[in-house]
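Shown next: work33.pdb, given as PDB, C-alpha atoms and all ligand atoms.
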```
ATOM      1  CA  MET A1255      16.683  -7.617  27.022  1.00  0.00           C
ATOM      2  CA  ALA A1256      18.285  -8.297  23.632  1.00  0.00           C
ATOM      3  CA  MET A1257      16.746 -11.787  23.252  1.00  0.00           C
ATOM      4  CA  ALA A1258      13.200 -10.546  23.751  1.00  0.00           C
ATOM      5  CA  GLU A1259      13.659  -7.740  21.222  1.00  0.00           C
ATOM      6  CA  THR A1260      14.950 -10.175  18.610  1.00  0.00           C
ATOM      7  CA  THR A1261      12.025 -12.514  19.202  1.00  0.00           C
ATOM      8  CA  LEU A1262       9.545  -9.668  18.821  1.00  0.00           C
ATOM      9  CA  ALA A1263      11.069  -8.588  15.498  1.00  0.00           C
ATOM     10  CA  VAL A1264      11.053 -12.139  14.132  1.00  0.00           C
ATOM     11  CA  ALA A1265       7.422 -12.692  15.128  1.00  0.00           C
ATOM     12  CA  ALA A1266       6.166  -9.440  13.608  1.00  0.00           C
ATOM     13  CA  PRO A1267       4.201 -10.287  10.475  1.00  0.00           C
ATOM     14  CA  VAL A1268       5.005  -8.729   7.108  1.00  0.00           C
ATOM     15  CA  LEU A1269       2.152  -8.491   4.628  1.00  0.00           C
ATOM     16  CA  ILE A1270       2.130  -7.126   1.101  1.00  0.00           C
ATOM     17  CA  LEU A1271      -0.986  -5.817  -0.623  1.00  0.00           C
ATOM     18  CA  LEU A1272      -0.754  -6.162  -4.398  1.00  0.00           C
ATOM     19  CA  GLY A1273      -3.262  -4.848  -6.899  1.00  0.00           C
ATOM     20  CA  PRO A1274      -3.774  -2.062  -9.434  1.00  0.00           C
ATOM     21  CA  PRO A1275      -4.414   1.551  -8.451  1.00  0.00           C
ATOM     22  CA  GLY A1276      -7.972   1.783  -7.130  1.00  0.00           C
ATOM     23  CA  ALA A1277      -8.133  -1.853  -5.969  1.00  0.00           C
ATOM     24  CA  GLY A1278      -8.579  -0.695  -2.363  1.00  0.00           C
ATOM     25  CA  LYS A1279      -5.065  -1.349  -1.022  1.00  0.00           C
ATOM     26  CA  GLY A1280      -4.985   1.830   1.081  1.00  0.00           C
ATOM     27  CA  THR A1281      -8.476   1.344   2.495  1.00  0.00           C
ATOM     28  CA  GLN A1282      -7.850  -2.282   3.407  1.00  0.00           C
ATOM     29  CA  ALA A1283      -4.361  -1.571   4.785  1.00  0.00           C
ATOM     30  CA  ARG A1284      -5.794   1.059   7.146  1.00  0.00           C
ATOM     31  CA  MET A1285      -8.450  -1.394   8.343  1.00  0.00           C
ATOM     32  CA  ILE A1286      -5.819  -4.086   9.019  1.00  0.00           C
ATOM     33  CA  GLU A1287      -3.694  -1.478  10.802  1.00  0.00           C
ATOM     34  CA  GLU A1288      -6.589  -0.588  13.096  1.00  0.00           C
ATOM     35  CA  LYS A1289      -7.737  -4.124  13.748  1.00  0.00           C
ATOM     36  CA  PHE A1290      -4.382  -5.869  14.199  1.00  0.00           C
ATOM     37  CA  GLY A1291      -2.161  -3.024  15.433  1.00  0.00           C
ATOM     38  CA  MET A1292       0.221  -3.387  12.512  1.00  0.00           C
ATOM     39  CA  VAL A1293       1.728  -0.432  10.659  1.00  0.00           C
ATOM     40  CA  GLN A1294       0.682   0.554   7.127  1.00  0.00           C
ATOM     41  CA  LEU A1295       3.637   1.536   4.943  1.00  0.00           C
ATOM     42  CA  SER A1296       2.513   3.239   1.746  1.00  0.00           C
ATOM     43  CA  THR A1297       5.335   4.307  -0.551  1.00  0.00           C
ATOM     44  CA  GLY A1298       2.808   6.535  -2.353  1.00  0.00           C
ATOM     45  CA  ASP A1299       2.130   8.388   0.930  1.00  0.00           C
ATOM     46  CA  LEU A1300       5.853   8.574   1.742  1.00  0.00           C
ATOM     47  CA  LEU A1301       6.596   9.958  -1.733  1.00  0.00           C
ATOM     48  CA  ARG A1302       3.748  12.499  -1.560  1.00  0.00           C
ATOM     49  CA  ALA A1303       5.122  13.672   1.792  1.00  0.00           C
ATOM     50  CA  ALA A1304       8.616  13.977   0.271  1.00  0.00           C
ATOM     51  CA  VAL A1305       7.215  16.017  -2.641  1.00  0.00           C
ATOM     52  CA  LYS A1306       5.372  18.300  -0.221  1.00  0.00           C
ATOM     53  CA  GLN A1307       8.474  18.802   1.921  1.00  0.00           C
ATOM     54  CA  GLY A1308      10.564  19.456  -1.202  1.00  0.00           C
ATOM     55  CA  THR A1309      13.247  16.907  -0.287  1.00  0.00           C
ATOM     56  CA  ASP A1310      15.776  15.877  -2.910  1.00  0.00           C
ATOM     57  CA  ALA A1311      13.959  12.554  -3.463  1.00  0.00           C
ATOM     58  CA  GLY A1312      10.596  14.338  -3.607  1.00  0.00           C
ATOM     59  CA  ASN A1313      11.810  16.804  -6.233  1.00  0.00           C
ATOM     60  CA  ARG A1314      13.143  13.961  -8.358  1.00  0.00           C
ATOM     61  CA  ALA A1315       9.911  11.952  -8.020  1.00  0.00           C
ATOM     62  CA  LYS A1316       7.367  14.730  -8.612  1.00  0.00           C
ATOM     63  CA  ALA A1317       7.151  14.812 -12.430  1.00  0.00           C
ATOM     64  CA  VAL A1318       7.091  11.008 -12.748  1.00  0.00           C
ATOM     65  CA  MET A1319       4.247  10.781 -10.234  1.00  0.00           C
ATOM     66  CA  GLU A1320       2.259  13.476 -12.025  1.00  0.00           C
ATOM     67  CA  ALA A1321       2.625  11.526 -15.275  1.00  0.00           C
ATOM     68  CA  GLY A1322       1.503   8.275 -13.646  1.00  0.00           C
ATOM     69  CA  GLY A1323       4.831   6.478 -14.152  1.00  0.00           C
ATOM     70  CA  LEU A1324       6.917   4.591 -11.607  1.00  0.00           C
ATOM     71  CA  VAL A1325       9.515   6.465  -9.552  1.00  0.00           C
ATOM     72  CA  SER A1326      13.023   4.969  -9.833  1.00  0.00           C
ATOM     73  CA  ASP A1327      13.709   1.861  -7.789  1.00  0.00           C
ATOM     74  CA  ASP A1328      16.687   3.507  -6.038  1.00  0.00           C
ATOM     75  CA  ILE A1329      14.596   6.386  -4.681  1.00  0.00           C
ATOM     76  CA  VAL A1330      11.710   4.197  -3.515  1.00  0.00           C
ATOM     77  CA  ILE A1331      13.917   1.510  -1.962  1.00  0.00           C
ATOM     78  CA  ALA A1332      15.858   4.174  -0.024  1.00  0.00           C
ATOM     79  CA  ILE A1333      12.621   5.741   1.257  1.00  0.00           C
ATOM     80  CA  LEU A1334      11.268   2.362   2.340  1.00  0.00           C
ATOM     81  CA  ARG A1335      14.556   1.354   4.000  1.00  0.00           C
ATOM     82  CA  ASP A1336      14.491   4.547   6.100  1.00  0.00           C
ATOM     83  CA  ARG A1337      10.879   4.014   7.133  1.00  0.00           C
ATOM     84  CA  LEU A1338      11.465   0.354   8.029  1.00  0.00           C
ATOM     85  CA  ALA A1339      14.188   1.494  10.432  1.00  0.00           C
ATOM     86  CA  ASP A1340      11.544   3.169  12.643  1.00  0.00           C
ATOM     87  CA  ARG A1341      10.760   1.205  15.803  1.00  0.00           C
ATOM     88  CA  ASP A1342       6.991   1.082  15.230  1.00  0.00           C
ATOM     89  CA  THR A1343       7.503  -1.357  12.335  1.00  0.00           C
ATOM     90  CA  GLU A1344       8.375  -4.020  14.911  1.00  0.00           C
ATOM     91  CA  GLN A1345       4.606  -4.433  15.450  1.00  0.00           C
ATOM     92  CA  GLY A1346       4.382  -5.866  11.938  1.00  0.00           C
ATOM     93  CA  VAL A1347       3.867  -4.074   8.641  1.00  0.00           C
ATOM     94  CA  ILE A1348       1.416  -3.991   5.765  1.00  0.00           C
ATOM     95  CA  LEU A1349       3.135  -2.799   2.628  1.00  0.00           C
ATOM     96  CA  ASP A1350       0.771  -0.856   0.384  1.00  0.00           C
ATOM     97  CA  GLY A1351       2.140   0.022  -3.052  1.00  0.00           C
ATOM     98  CA  PHE A1352       5.541  -1.594  -2.534  1.00  0.00           C
ATOM     99  CA  PRO A1353       7.092  -3.570  -4.148  1.00  0.00           C
ATOM    100  CA  ARG A1354       6.060  -2.541  -7.667  1.00  0.00           C
ATOM    101  CA  THR A1355       8.959  -4.075  -9.623  1.00  0.00           C
ATOM    102  CA  THR A1356      10.938  -7.293  -9.369  1.00  0.00           C
ATOM    103  CA  ARG A1357      13.998  -5.283  -8.311  1.00  0.00           C
ATOM    104  CA  GLN A1358      12.035  -3.776  -5.430  1.00  0.00           C
ATOM    105  CA  ALA A1359      10.802  -7.249  -4.422  1.00  0.00           C
ATOM    106  CA  GLU A1360      14.386  -8.547  -4.347  1.00  0.00           C
ATOM    107  CA  ALA A1361      15.551  -5.506  -2.364  1.00  0.00           C
ATOM    108  CA  LEU A1362      12.723  -6.067   0.119  1.00  0.00           C
ATOM    109  CA  ASP A1363      13.722  -9.706   0.605  1.00  0.00           C
ATOM    110  CA  LEU A1364      17.258  -8.514   1.468  1.00  0.00           C
ATOM    111  CA  LEU A1365      16.050  -5.771   3.825  1.00  0.00           C
ATOM    112  CA  LEU A1366      13.845  -8.251   5.661  1.00  0.00           C
ATOM    113  CA  ALA A1367      16.579 -10.884   5.800  1.00  0.00           C
ATOM    114  CA  GLU A1368      18.771  -8.332   7.611  1.00  0.00           C
ATOM    115  CA  ARG A1369      15.996  -8.167  10.242  1.00  0.00           C
ATOM    116  CA  GLU A1370      15.566 -11.962  10.286  1.00  0.00           C
ATOM    117  CA  GLN A1371      12.133 -11.521   8.749  1.00  0.00           C
ATOM    118  CA  LYS A1372      10.392 -12.675   5.608  1.00  0.00           C
ATOM    119  CA  ILE A1373       7.128 -12.042   3.760  1.00  0.00           C
ATOM    120  CA  ASP A1374       4.286 -13.846   5.520  1.00  0.00           C
ATOM    121  CA  ALA A1375       1.676 -13.197   2.857  1.00  0.00           C
ATOM    122  CA  ALA A1376       1.399 -11.339  -0.435  1.00  0.00           C
ATOM    123  CA  ILE A1377      -2.280 -10.620  -0.935  1.00  0.00           C
ATOM    124  CA  SER A1378      -3.343  -9.808  -4.476  1.00  0.00           C
ATOM    125  CA  LEU A1379      -6.587  -7.783  -4.646  1.00  0.00           C
ATOM    126  CA  GLU A1380      -8.216  -9.040  -7.847  1.00  0.00           C
ATOM    127  CA  VAL A1381     -10.359  -6.450  -9.642  1.00  0.00           C
ATOM    128  CA  ASP A1382     -11.635  -5.635 -13.159  1.00  0.00           C
ATOM    129  CA  ASP A1383      -9.523  -3.020 -14.904  1.00  0.00           C
ATOM    130  CA  GLY A1384     -12.527  -1.298 -16.473  1.00  0.00           C
ATOM    131  CA  GLU A1385     -13.908  -0.388 -13.058  1.00  0.00           C
ATOM    132  CA  MET A1386     -10.708   1.165 -11.808  1.00  0.00           C
ATOM    133  CA  VAL A1387     -11.033   4.462 -13.659  1.00  0.00           C
ATOM    134  CA  THR A1388     -14.510   5.011 -12.135  1.00  0.00           C
ATOM    135  CA  ARG A1389     -13.306   4.051  -8.687  1.00  0.00           C
ATOM    136  CA  ILE A1390     -10.257   6.287  -8.766  1.00  0.00           C
ATOM    137  CA  SER A1391     -11.849   9.340 -10.326  1.00  0.00           C
ATOM    138  CA  GLY A1392     -14.486   9.440  -7.571  1.00  0.00           C
ATOM    139  CA  ARG A1393     -12.247   9.155  -4.543  1.00  0.00           C
ATOM    140  CA  PHE A1394     -11.237  11.791  -2.042  1.00  0.00           C
ATOM    141  CA  THR A1395      -9.724  11.967   1.448  1.00  0.00           C
ATOM    142  CA  CYS A1396     -10.161  13.959   4.629  1.00  0.00           C
ATOM    143  CA  ALA A1397      -7.044  16.140   4.967  1.00  0.00           C
ATOM    144  CA  GLY A1398      -7.404  16.103   8.754  1.00  0.00           C
ATOM    145  CA  CYS A1399      -7.413  12.374   9.537  1.00  0.00           C
ATOM    146  CA  GLY A1400      -6.796  10.590   6.223  1.00  0.00           C
ATOM    147  CA  GLU A1401     -10.195   8.827   6.096  1.00  0.00           C
ATOM    148  CA  GLY A1402     -10.955   7.825   2.502  1.00  0.00           C
ATOM    149  CA  TYR A1403     -14.264   8.498   0.705  1.00  0.00           C
ATOM    150  CA  HIS A1404     -15.842   7.993  -2.702  1.00  0.00           C
ATOM    151  CA  ASP A1405     -18.536   9.971  -4.567  1.00  0.00           C
ATOM    152  CA  SER A1406     -20.504   6.795  -5.390  1.00  0.00           C
ATOM    153  CA  PHE A1407     -19.401   4.068  -2.979  1.00  0.00           C
ATOM    154  CA  LYS A1408     -18.627   5.786   0.316  1.00  0.00           C
ATOM    155  CA  ALA A1409     -19.903   9.342   0.635  1.00  0.00           C
ATOM    156  CA  PRO A1410     -19.653  11.021   4.067  1.00  0.00           C
ATOM    157  CA  LYS A1411     -22.950  10.838   6.033  1.00  0.00           C
ATOM    158  CA  THR A1412     -23.178  14.648   5.792  1.00  0.00           C
ATOM    159  CA  ALA A1413     -21.780  16.025   2.542  1.00  0.00           C
ATOM    160  CA  GLY A1414     -18.448  17.755   3.016  1.00  0.00           C
ATOM    161  CA  ILE A1415     -17.983  16.676   6.648  1.00  0.00           C
ATOM    162  CA  CYS A1416     -15.702  13.827   7.665  1.00  0.00           C
ATOM    163  CA  ASP A1417     -17.534  11.025   9.528  1.00  0.00           C
ATOM    164  CA  SER A1418     -14.417  10.256  11.571  1.00  0.00           C
ATOM    165  CA  CYS A1419     -13.059  13.626  12.709  1.00  0.00           C
ATOM    166  CA  GLY A1420     -15.629  16.239  11.641  1.00  0.00           C
ATOM    167  CA  GLY A1421     -13.067  17.935   9.396  1.00  0.00           C
ATOM    168  CA  THR A1422     -14.275  19.805   6.308  1.00  0.00           C
ATOM    169  CA  ASP A1423     -11.089  19.907   4.249  1.00  0.00           C
ATOM    170  CA  MET A1424     -11.486  17.157   1.635  1.00  0.00           C
ATOM    171  CA  ILE A1425      -8.695  16.599  -0.884  1.00  0.00           C
ATOM    172  CA  ARG A1426      -8.440  14.776  -4.214  1.00  0.00           C
ATOM    173  CA  ARG A1427      -5.083  13.446  -5.393  1.00  0.00           C
ATOM    174  CA  ALA A1428      -3.520  15.304  -8.317  1.00  0.00           C
ATOM    175  CA  ASP A1429      -2.840  11.982 -10.106  1.00  0.00           C
ATOM    176  CA  ASP A1430      -6.422  10.684  -9.784  1.00  0.00           C
ATOM    177  CA  THR A1431      -7.496  12.024 -13.193  1.00  0.00           C
ATOM    178  CA  ALA A1432      -8.755   9.714 -15.975  1.00  0.00           C
ATOM    179  CA  GLU A1433      -5.629  10.274 -18.141  1.00  0.00           C
ATOM    180  CA  THR A1434      -3.117   9.656 -15.363  1.00  0.00           C
ATOM    181  CA  VAL A1435      -5.038   6.605 -14.185  1.00  0.00           C
ATOM    182  CA  SER A1436      -4.562   5.003 -17.634  1.00  0.00           C
ATOM    183  CA  SER A1437      -0.782   5.478 -17.354  1.00  0.00           C
ATOM    184  CA  ARG A1438      -0.793   4.115 -13.817  1.00  0.00           C
ATOM    185  CA  LEU A1439      -2.748   1.032 -14.912  1.00  0.00           C
ATOM    186  CA  ALA A1440      -0.328   0.507 -17.822  1.00  0.00           C
ATOM    187  CA  ALA A1441       2.654   0.745 -15.431  1.00  0.00           C
ATOM    188  CA  TYR A1442       0.920  -1.732 -13.144  1.00  0.00           C
ATOM    189  CA  HIS A1443       0.395  -4.331 -15.868  1.00  0.00           C
ATOM    190  CA  ALA A1444       3.878  -3.953 -17.336  1.00  0.00           C
ATOM    191  CA  GLN A1445       5.918  -3.878 -14.130  1.00  0.00           C
ATOM    192  CA  THR A1446       3.892  -4.882 -11.077  1.00  0.00           C
ATOM    193  CA  ALA A1447       1.458  -7.622 -12.141  1.00  0.00           C
ATOM    194  CA  PRO A1448       4.342 -10.107 -12.724  1.00  0.00           C
ATOM    195  CA  LEU A1449       5.090  -9.911  -8.971  1.00  0.00           C
ATOM    196  CA  ALA A1450       2.116 -12.207  -8.296  1.00  0.00           C
ATOM    197  CA  GLN A1451       4.177 -15.004  -9.844  1.00  0.00           C
ATOM    198  CA  TYR A1452       7.240 -13.956  -7.820  1.00  0.00           C
ATOM    199  CA  TYR A1453       5.298 -14.536  -4.592  1.00  0.00           C
ATOM    200  CA  ALA A1454       3.434 -17.603  -5.902  1.00  0.00           C
ATOM    201  CA  ASP A1455       6.865 -19.197  -6.514  1.00  0.00           C
ATOM    202  CA  ARG A1456       7.676 -18.537  -2.830  1.00  0.00           C
ATOM    203  CA  GLY A1457       4.385 -20.027  -1.624  1.00  0.00           C
ATOM    204  CA  ALA A1458       3.220 -16.673  -0.207  1.00  0.00           C
ATOM    205  CA  LEU A1459       0.535 -15.556  -2.698  1.00  0.00           C
ATOM    206  CA  HIS A1460      -3.152 -15.228  -1.765  1.00  0.00           C
ATOM    207  CA  ARG A1461      -5.564 -14.111  -4.483  1.00  0.00           C
ATOM    208  CA  VAL A1462      -8.587 -12.302  -3.064  1.00  0.00           C
ATOM    209  CA  PRO A1463     -11.644 -11.191  -5.096  1.00  0.00           C
ATOM    210  CA  ALA A1464     -11.891  -7.458  -4.368  1.00  0.00           C
ATOM    211  CA  MET A1465     -14.776  -6.101  -6.476  1.00  0.00           C
ATOM    212  CA  GLY A1466     -17.421  -6.329  -3.743  1.00  0.00           C
ATOM    213  CA  ALA A1467     -18.261  -4.205  -0.714  1.00  0.00           C
ATOM    214  CA  ILE A1468     -15.333  -2.902   1.359  1.00  0.00           C
ATOM    215  CA  ALA A1469     -16.528  -4.862   4.431  1.00  0.00           C
ATOM    216  CA  ASP A1470     -16.756  -8.148   2.486  1.00  0.00           C
ATOM    217  CA  VAL A1471     -13.226  -7.758   1.142  1.00  0.00           C
ATOM    218  CA  ALA A1472     -12.023  -6.847   4.649  1.00  0.00           C
ATOM    219  CA  GLU A1473     -13.504 -10.076   5.987  1.00  0.00           C
ATOM    220  CA  ARG A1474     -11.567 -12.132   3.418  1.00  0.00           C
ATOM    221  CA  LEU A1475      -8.365 -10.313   4.366  1.00  0.00           C
ATOM    222  CA  ASP A1476      -9.019 -10.747   8.090  1.00  0.00           C
ATOM    223  CA  ALA A1477      -9.021 -14.496   7.648  1.00  0.00           C
ATOM    224  CA  ILE A1478      -5.629 -14.415   5.916  1.00  0.00           C
ATOM    225  CA  VAL A1479      -4.068 -11.989   8.397  1.00  0.00           C
ATOM    226  CA  THR A1480      -5.353 -14.011  11.339  1.00  0.00           C
ATOM    227  CA  ALA A1481      -3.886 -17.201   9.852  1.00  0.00           C
ATOM    228  CA  THR A1482      -0.460 -15.593   9.305  1.00  0.00           C
ATOM    229  CA  ARG A1483      -0.375 -14.422  12.905  1.00  0.00           C
ATOM    230  CA  GLY A1484      -0.856 -18.022  14.001  1.00  0.00           C
TER     231      GLY A1484
HETATM  232  P1  LIG A1501       0.077   5.126  -4.868  1.00  0.00           P
HETATM  233  O1  LIG A1501      -0.314   6.078  -3.779  1.00  0.00           O
HETATM  234  O2  LIG A1501       0.551   3.812  -4.348  1.00  0.00           O
HETATM  235  O3  LIG A1501      -0.987   4.985  -5.929  1.00  0.00           O
HETATM  236  O4  LIG A1501       1.349   5.776  -5.591  1.00  0.00           O
HETATM  237  C1  LIG A1501       1.270   7.038  -6.254  1.00  0.00           C
HETATM  238  C2  LIG A1501       2.453   7.202  -7.191  1.00  0.00           C
HETATM  239  O5  LIG A1501       3.666   7.165  -6.433  1.00  0.00           O
HETATM  240  C3  LIG A1501       2.590   6.098  -8.232  1.00  0.00           C
HETATM  241  O6  LIG A1501       1.788   6.323  -9.386  1.00  0.00           O
HETATM  242  C4  LIG A1501       4.099   6.174  -8.529  1.00  0.00           C
HETATM  243  O7  LIG A1501       4.392   7.275  -9.359  1.00  0.00           O
HETATM  244  C5  LIG A1501       4.686   6.470  -7.153  1.00  0.00           C
HETATM  245  N1  LIG A1501       5.007   5.222  -6.404  1.00  0.00           N
HETATM  246  C6  LIG A1501       4.442   4.786  -5.245  1.00  0.00           C
HETATM  247  N2  LIG A1501       4.997   3.643  -4.833  1.00  0.00           N
HETATM  248  C7  LIG A1501       5.943   3.331  -5.766  1.00  0.00           C
HETATM  249  C8  LIG A1501       6.843   2.249  -5.917  1.00  0.00           C
HETATM  250  N3  LIG A1501       6.884   1.230  -5.039  1.00  0.00           N
HETATM  251  N4  LIG A1501       7.672   2.272  -6.996  1.00  0.00           N
HETATM  252  C9  LIG A1501       7.645   3.281  -7.884  1.00  0.00           C
HETATM  253  N5  LIG A1501       6.806   4.323  -7.812  1.00  0.00           N
HETATM  254  C10 LIG A1501       5.956   4.362  -6.754  1.00  0.00           C
END
```
Output the file's structure as structure tokens, nothing else.
Amino acid sequence: MAMAETTLAVAAPVLILLGPPGAGKGTQARMIEEKFGMVQLSTGDLLRAAVKQGTDAGNRAKAVMEAGGLVSDDIVIAILRDRLADRDTEQGVILDGFPRTTRQAEALDLLLAEREQKIDAAISLEVDDGEMVTRISGRFTCAGCGEGYHDSFKAPKTAGICDSCGGTDMIRRADDTAETVSSRLAAYHAQTAPLAQYYADRGALHRVPAMGAIADVAERLDAIVTATRG
């Protein structure tokens, strides 16, 4: 029934995770996805998939991503618009890595308005810059199931074997090197950090200390997500 579908879409929460590379956006987004049945939308993941598939957008984005810069707003907005059109997003979404510029934030407001939705919460993961290079250079992921690990903070129980799926193919991102991380942090401070004010002005910003243990940060986020779901 059309009415019920509209109601469902309006009620579906929309969360944004803000924070520099290495702040834990992906890890926390996956935990929220599992716990609350919402869908994680990572523009980084979508772009990496486009690069791998060799799509037009992927080919245009590849060099910028390798250098640690920001891919053009037009490419990223188009990729996000396509993904938002998938039905599963009606369960609510956690945006991880988008928006990263004011233009993207404005485009997102318009896309959501078309769906009679708005941002319920923009959660800024607050971390020390100095730590980010260490965090990022040690991280790796299971290629089979996407579970994230870290050399120092979250090693698999048995070295080389994924705790979740038993897979043995562990991958490190090509842009997780010390040099590229510096460029990514610079892009974050120049173009993305000002978005905290954008969402503060709209009464949607939550600042969350995110230097501690993954589980402690998750607990702080749980409280915010639960509150936005009413
Ligand atoms: P991430 O996985 O979020 O760290 O993103 C990896 C890379 O993809 C970034 O360093 C950018 O080059 C690109 N990227 C991801 N999301 C965006 C975005 N919203 N705007 C521009 N570039 C992006």
For this session: List the residues matched by the PyMOL selection byres (((not hetatm)) within 10 of (chain A and resi 1501)) in the displayed structure as a ChimeraX atom specification, ordered by chain and then by residue number.
Result: /A:1273-1277,1279-1280,1296-1302,1315-1331,1333-1334,1349-1355,1357-1359,1390,1427-1430,1434-1435,1437-1439,1441-1442,1445-1446
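As for atom CA of A:Ala1447 and atom CA of A:Leu1272, they are spaced 8.2 Å apart.
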Exercise. Taking the file as shown, what set of residues would the PyMOL selection byres (((chain A and resi 1395) around 9) and not hetatm) give back, as a ChimeraX atom specification?
Worked result: /A:1393-1394,1396-1404,1416,1423-1427
For this session: Rank A:Ile1286, A:Ala1444, A:Leu1366, A:Ala1454 by their smallest atom-to-atom distance to A:Thr1480, using only C-alpha atoms, and report the top residue only.
Result: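 Result for the nearest residue to A:Thr1480: A:Ile1286.
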Exercise. Is there a way to get, as a PyMOL selection string, all residues within 10 Å of the point (-13.4, -2.2, -11.4) in file coordinates, counting only C-alpha atoms?
Worked result: chain A and resi 1274+1276-1277+1380-1390+1464-1466
Exercise. If you measure from atom CA of A:Ala1469 to atom CA of A:Met1285, what distance in Å do you get, rounded to one decimal?
Worked result: 9.6 Å
For this session: Compare A:Arg1369, A:Ala1432, A:Ile1377, A:Ala1450 by their minimum atom-to-atom distance to A:Ala1339, counting all atoms listed in the file, and give me the closest one.
Result: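 Under the stated criterion, the closest residue is A:Arg1369.
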Enclose the full set of atoms of stretch 1332-1338 of chain A listed in the file within a box whose edges lie along x, y and z, apply 4 Å of padding to each of the six sides, and report centre and edge lengths in Å to one decimal as lines of an AutoDock Vina configuration file.
```
center_x = 13.4
center_y = 3.0
center_z = 4.0
size_x = 13.0
size_y = 13.4
size_z = 16.1
```
For this session: Enter the distance from atom CA of A:Asp1363 to atom CA of A:Ala1266, in Å, rounded to one decimal.
Result: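 The value is 15.0 Å.
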Seminar exercise, completed: Judged by only C-alpha atoms, the minimum distance to A:Gln1345 among A:Gly1414, A:Gly1421, A:Gly1278, A:Pro1267 is found for A:Pro1267
For this session: List every protein, DNA or RNA residue that has an atom no more than 9 Å from (6.3, -8.6, 4.0) in the file's coordinate frame, counting only C-alpha atoms, and report them as a VMD selection string.
Result: chain A and resid 1267 to 1270 1346 to 1349 1362 to 1363 1366 1371 to 1376
